[in-house]
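Worksheet for the structure shown next.
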Number of protein chains: 4
Amino acid sequence: MKLLRKKTGLAVGVIGVGRIGKLHIQSLVQRIPEATVAAVADPNLDAAKEIGEKYNISSVYSDYQKILKDRKIDAVVICSPTDTHAQYIQEAAAKGKHIFCEKPVDLSVKNITAAINAVEKAGVKLMVGFNRRFDPNFQKVREMVASGAIGEPHILRVTSRDPEPPPPSYVRVSGGIFLDMAIHDFDMARYLVGSEVVEVYAKGTVLVDPEIGAAGDVDTAVTTLTFANGAIGTIDNSRKAVYGYDQRVEVFGSKGMVNIGNNTPDTHAYFDKEGEHASKLLHFFMDRYTESYACEMRLFVDAVVKNGEVPVGGRDGLLSVAIALAAKKSMQENRPVKVQEILG
Amino acid sequence: MKLLRKKTGLAVGVIGVGRIGKLHIQSLVQRIPEATVAAVADPNLDAAKEIGEKYNISSVYSDYQKILKDRKIDAVVICSPTDTHAQYIQEAAAKGKHIFCEKPVDLSVKNITAAINAVEKAGVKLMVGFNRRFDPNFQKVREMVASGAIGEPHILRVTSRDPEPPPPSYVRVSGGIFLDMAIHDFDMARYLVGSEVVEVYAKGTVLVDPEIGAAGDVDTAVTTLTFANGAIGTIDNSRKAVYGYDQRVEVFGSKGMVNIGNNTPDTHAYFDKEGEHASKLLHFFMDRYTESYACEMRLFVDAVVKNGEVPVGGRDGLLSVAIALAAKKSMQENRPVKVQEILG
Amino acid sequence: MKLLRKKTGLAVGVIGVGRIGKLHIQSLVQRIPEATVAAVADPNLDAAKEIGEKYNISSVYSDYQKILKDRKIDAVVICSPTDTHAQYIQEAAAKGKHIFCEKPVDLSVKNITAAINAVEKAGVKLMVGFNRRFDPNFQKVREMVASGAIGEPHILRVTSRDPEPPPPSYVRVSGGIFLDMAIHDFDMARYLVGSEVVEVYAKGTVLVDPEIGAAGDVDTAVTTLTFANGAIGTIDNSRKAVYGYDQRVEVFGSKGMVNIGNNTPDTHAYFDKEGEHASKLLHFFMDRYTESYACEMRLFVDAVVKNGEVPVGGRDGLLSVAIALAAKKSMQENRPVKVQEILG
Amino acid sequence: MKLLRKKTGLAVGVIGVGRIGKLHIQSLVQRIPEATVAAVADPNLDAAKEIGEKYNISSVYSDYQKILKDRKIDAVVICSPTDTHAQYIQEAAAKGKHIFCEKPVDLSVKNITAAINAVEKAGVKLMVGFNRRFDPNFQKVREMVASGAIGEPHILRVTSRDPEPPPPSYVRVSGGIFLDMAIHDFDMARYLVGSEVVEVYAKGTVLVDPEIGAAGDVDTAVTTLTFANGAIGTIDNSRKAVYGYDQRVEVFGSKGMVNIGNNTPDTHAYFDKEGEHASKLLHFFMDRYTESYACEMRLFVDAVVKNGEVPVGGRDGLLSVAIALAAKKSMQENRPVKVQEILG
């Protein structure tokens, strides 16, 4: 493994070593021999140093620009706060780096468009971190829809509920439930149905925690999506499912239906005087999507190394945000909103 | 059984011997010793005679008024076409008969209100045929919500898909998917959540059969319901699920979630080179709700015989229609519609 | 229904109005218009009278011989204690009655053979009450094995556990777990595999209740069956499963495997902080096999009325007892016992 | 990771680089930073070199003795053919190496005893590779039995079926289905029930492939185990389940029952006109037990590094073989065989 890295590895710089940054570094180091984490940067230098030492990373910085300026770095993985993404993408593109950026790319259509333009101009690759596309369950559903097994898609159902809400401080800067949480479901909707969303109607409310309302957000939402191919989708979101991370989808069509259940730590069933009992769902996304995170990073490295297509591009990043903004507007004005109204 | 009937039976007259009429007669004869089917009436006299002979029913008429005029008849079961329900209810009430009426009571709020007023004035009982409330699966969900097992309800999900669409001739006079089909789901929504629906947003489209569109209806619909207690519901309907009659609900709340799956003819699982295979769902409502039809008739007879409350009253019949009318208007005008706007 | 009975009904006399006798009477009265329960007999005359009144049965006796002597009776249903079965069969056959007899026919090969001979000589029909063969789950398994879906059967697994043991007084006269309880599973084994059992090895022990041991029986047993076609079967029995009546089978073969799960009162799943929870199994055979009891009685009436084959004959009654006796001997002597050794 | 290895790693030598050897090397390199694979040996030097290069291993030998003689090596992982295990264990113990040995330790009680004695004399650790103990499903069952959730264990059921038989050449030297395949289930039986097996009755036959019979083995077997605590177990084995690797267990007791299902690559369910369909089981042990292999190696390294107890010791290796030998003898002589008869 070490030999391979020395000989052929893609040199990657990771910007931001929070929870997701650490996860990507771990995947790159342990699972992807074709890449080396050559540098990390985080304003919190101690955090960066800790990671650097743990994974034996050569260069550790507080300033991300040092990564961009390093000519030995081939690609960057952007895991910094959302409001820096669009800017970093443009700067990295200008330096000729390939880019993996966490979702959402930005909360504004204008900024995302600027980032996409910079990437296209520079001729580098940009992949957006919609990791769930690489989960075996969701992939199986997509595969069955794409194969025609269910015929023409008519109805999409998505249930997406977190085990516990983020702190109000986070909620306040998150952009709200649609841009922060449901955005994954909007991307999944486009991916599974294979058609673009043209109209959105969203209903949201505060039922979990009044502090989330005080922070200007809702914690419970139901969204109706109308697709270009005529299909209708419905997504329900909650910030707090006491029974664990609830992630299910169903696509119903003219020839059949496919759905997926949740993942659990084991398959046991226990029977006693009260009835049957089984394990709780996996707790949250770090447990549930471990493999899909590793997989998306491998696909990014592959796309760069083999000069192939990235599986989730800038346009995917743009459209998921546009749907989220439409949902937000729809909820605020209690009327259906066309995605085109957001894209302008 | 025969002795009991002679001695104590409630004398029931059944108006209309179509599919549902026959089912109710069978339940009354075979399962409910406390009642006797004393008369049947149907404009199609041959059909009435056939049933009369099969079940040894004393009086067989083409004219339902003969049943109303028969002083030995205690109660009527109205299974005639929808547009006759409100009138028959009023006439039966005037004659002092207790009334079981199939859903929907009528397609107009005004007519239903008139029927309810007549019933109240006459002091007779009126029960509306929302049989699904008596299905063991739905009852279990209601029981768990009512017991507080899921805490405060936040999200309701209903999937309700028929195995095949009715003929266009039926569609044309049915009142449309919301009044004909989803009305069961609207009643179920009120029943399960235990709170009234205040606003409806419905999206409908023609994906199954263009002839349904030509008949002025849609065959695929997604409806968002807002409840007085703050919960949000979503219902998806299709007129054609090739894999059978798909009837699932889920209620999610602050302390947990409860849902139900479909019923199948057996519990077998077959494993071969391709994977695992199980039985198709039960085909349609006659197979799926056999027990709940028998149960609702027993509860009607019990309520009359013991002078108790009917479990589904005129107001339930009214509100389900009001929600359906709101859904229809919402779809037509592509905007959320308040139920109060319909009730006036 | 009443008319039909008057015109064409098979006149049935039921001997014994214990739990199973009552069940068969109810099926005959409510579900099988082609038959009439014309007489019942039970040494406990009060019990017989109570049933007679409830179901409006013309003749009620304490002496079963009155039924046999009644020339208007076409068929008898024998639900008296096991040690009377063989004798009653012979007497009923001598009077030209068709016979439905509860299992086991008798606890001795010699007596069963005598009963079968009497039936053959008289040219009447004898059906043995292995009702589980008519349960939709078991039927589906048999159908799949017979269709070749699993190829050649290699392994049979049966789990058969009662929710609670019978009282020691019953255990003492029951013939033991193999003749009283596992006999159903031995019949099922022959039925599902479609091949005869040639050798038995049984291991039994007292783990549930020492009083069962004191009564000379075991309460927990595992039996290995070797079939003529080479397949191997294994059955596990317990007198006490605290979670309900556990009735599962699995047949594994060269092309696949089929198994069945248990039946529950509903399909709900409840999720809370502890995990997932579902309903307890149906409690016992009266709940679990309601439909299969009704079905076997209908098939008996059909076979008599249409002069067809009974689906479970005297030989089935004989062989299941022979296997049970082999199991008992195997357990006592801790060695494999050939069924032929029992049949002699 | 690299730094850690340099500083503190346990130096491991792997003997045998077949399928399992490679798997253990991969686990050690990618998942266990506390260990370094310092040397590999295999008579097939090319295979050893290939692995050595892939994982950057310093020393590559054809002769395993070079590993034993290397004073820098702390522990050995023995993945060579079964008939070498006992000898290598003794030699490694003599050199003071800690030992991880694949199952079975040997096919003879005498040789295993000699190996255990050598290990005890040398004061080194010996762990035997019953990896399934570390699978989350089996662990959950053990945990529930140990916690008392099912009360006293009464019945154990194990289903263990391979997707396809090994080649006859392998079968010939494997020691037979009990020593080669069912041995895992015998270990699992002891582990799950928490009591020793005292008697065995096994029935085996050739139903899958006559060539397996020609090679002196059976391919289908059912084994009854009697435990010291009175519980009875039954295991069914087949060399060929066309639907994939079938690995299920169930423990039934006085207070309840716990069982586990199989693992599948995803949780999808597909519904079409034929019914419901789900994914095939994972194909074989490399897919099914990936995590448990990694886990057992980590526990071995932990036990050595922290000087703790190994979770599966020499006695576990001995007893599983003794049960397998008893099963073989039982099948050959068609009589129950006490394990003590084998242990002598």
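Quick note on naming: the chains in the structure tokens go A, B, ... in the order shown, residues restart at 1 in each chain, and ligands are numbered from 1 in order of appearance.
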
Exercise for the section: Tell me, as a list in words, which residues lie within 8 Å of region 93-104 of chain A, counting only C-alpha atoms; anything in the same chain fewer than 5 positions away does not count. Expected result: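 Final neighbour list, sorted by chain and number: Leu68, Lys69, Ile73, Asp74, Ala75, Val76, Val77, Ile78, Cys79, Thr82, His85, Ala118, Val119, Ala122, Gly123, Val124, Lys125, Leu126, Met127, Val128, Gly129, Phe130, Leu179, Asp180, Ile183, Phe300, Val304, Gly317 and Val321 of chain A.
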
Practice task
List the neighbours of Val197 (chain C) out to 8 Å using only C-alpha atoms; skip same-chain residues closer than 3 positions along the sequence, and give me the result as JSON, numbers by chain.
Solution key: {"C": [190, 200, 225, 226, 227, 228, 323, 339]}

Sorted per-residue table, chain B near chain C, closest atoms and distance, 10 Å, only C-alpha atoms, as a Markdown table:
| residue | atom | partner | partner_atom | distance |
| --- | --- | --- | --- | --- |
| B:Met1 | CA | C:Tyr55 | CA | 5.1 |
| B:Lys2 | CA | C:Asn56 | CA | 6.4 |
| B:Leu3 | CA | C:Asn56 | CA | 6.3 |
| B:Leu4 | CA | C:Lys54 | CA | 8.1 |
| B:Val29 | CA | C:Met1 | CA | 8.5 |
| B:Gln30 | CA | C:Gln30 | CA | 5.7 |
| B:Arg31 | CA | C:Gln30 | CA | 7.6 |
| B:Glu53 | CA | C:Leu3 | CA | 8.2 |
| B:Lys54 | CA | C:Met1 | CA | 6.4 |
| B:Tyr55 | CA | C:Met1 | CA | 5.2 |
| B:Asn56 | CA | C:Met1 | CA | 6.3 |
| B:Ile57 | CA | C:Met1 | CA | 9.5 |
| B:Asp135 | CA | C:Asp266 | CA | 8.9 |
| B:Pro136 | CA | C:Asp266 | CA | 5.8 |
| B:Asn137 | CA | C:Asp266 | CA | 5.0 |
| B:Phe138 | CA | C:His268 | CA | 8.5 |
| B:Gln139 | CA | C:Asp266 | CA | 9.1 |
| B:Lys140 | CA | C:His268 | CA | 7.0 |
| B:Val141 | CA | C:His268 | CA | 7.1 |
| B:Met144 | CA | C:Tyr270 | CA | 8.6 |
| B:Ala149 | CA | C:Asp272 | CA | 8.4 |
| B:Ile150 | CA | C:Asp272 | CA | 7.7 |
| B:Arg248 | CA | C:His268 | CA | 9.8 |
| B:Val249 | CA | C:His268 | CA | 9.5 |
| B:Glu250 | CA | C:His268 | CA | 9.3 |
| B:Val251 | CA | C:Tyr270 | CA | 9.7 |
| B:Phe252 | CA | C:Phe271 | CA | 9.3 |
| B:Gly253 | CA | C:Asp272 | CA | 9.9 |
| B:Ser254 | CA | C:Asp272 | CA | 9.6 |
| B:Lys255 | CA | C:Asp272 | CA | 6.4 |
| B:Gly256 | CA | C:Asp272 | CA | 4.5 |
| B:Met257 | CA | C:Phe271 | CA | 5.2 |
| B:Val258 | CA | C:Tyr270 | CA | 4.3 |
| B:Asn259 | CA | C:Ala269 | CA | 5.5 |
| B:Ile260 | CA | C:His268 | CA | 4.2 |
| B:Gly261 | CA | C:Thr267 | CA | 5.5 |
| B:Asn262 | CA | C:Thr267 | CA | 7.2 |
| B:Asn263 | CA | C:Thr267 | CA | 7.5 |
| B:Pro265 | CA | C:Pro136 | CA | 7.1 |
| B:Asp266 | CA | C:Asn137 | CA | 5.0 |
| B:Thr267 | CA | C:Ile260 | CA | 5.3 |
| B:His268 | CA | C:Ile260 | CA | 4.2 |
| B:Ala269 | CA | C:Asn259 | CA | 5.5 |
| B:Tyr270 | CA | C:Val258 | CA | 4.3 |
| B:Phe271 | CA | C:Met257 | CA | 5.1 |
| B:Asp272 | CA | C:Gly256 | CA | 4.5 |
| B:Lys273 | CA | C:Gly256 | CA | 7.3 |
| B:Glu274 | CA | C:Gly256 | CA | 9.8 |
| B:Gly275 | CA | C:Gly256 | CA | 9.5 |
| B:Glu276 | CA | C:Val258 | CA | 9.3 |
| B:His277 | CA | C:Val258 | CA | 9.2 |
| B:Ala278 | CA | C:Val258 | CA | 9.6 |
| B:Ser279 | CA | C:Lys140 | CA | 9.5 |

Exercise for the section: Please return as a PyMOL selection string: the residues of region 33-239 of chain D that backbone DSSP assigns to strand (DSSP E). Expected result: chain D and resi 35-41+59-61+75-78+98-101+126-128+153-161+197-205+220-227+232-238

Exercise for the section: Once DSSP has gone over the backbone, tell me which residues of region 166-340 of chain C are in helix (DSSP H, G or I), as an NGL selection string. Expected result: :C and (168-173 or 177-193 or 210-214 or 285-288 or 290-305 or 314-333 or 339-340)

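Pairwise distance (CA of Val242 (chain B), CA of Glu143 (chain A)) equals 19.7 Å.
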
Fill in the blank from the handout: From the list B:Ala303, B:Thr159, B:Arg288, B:Gly213, the nearest residue to Thr234 (chain A) using only C-alpha atoms is B:Thr159

Handout entry: Long-range neighbours of Val40 (chain D) as a ChimeraX atom specification, 12 Å cut-off, only C-alpha atoms, 4 positions minimum in chain
Key = /D:11-18,21-22,24-25,36,44-53,55-68,70,73,75-80
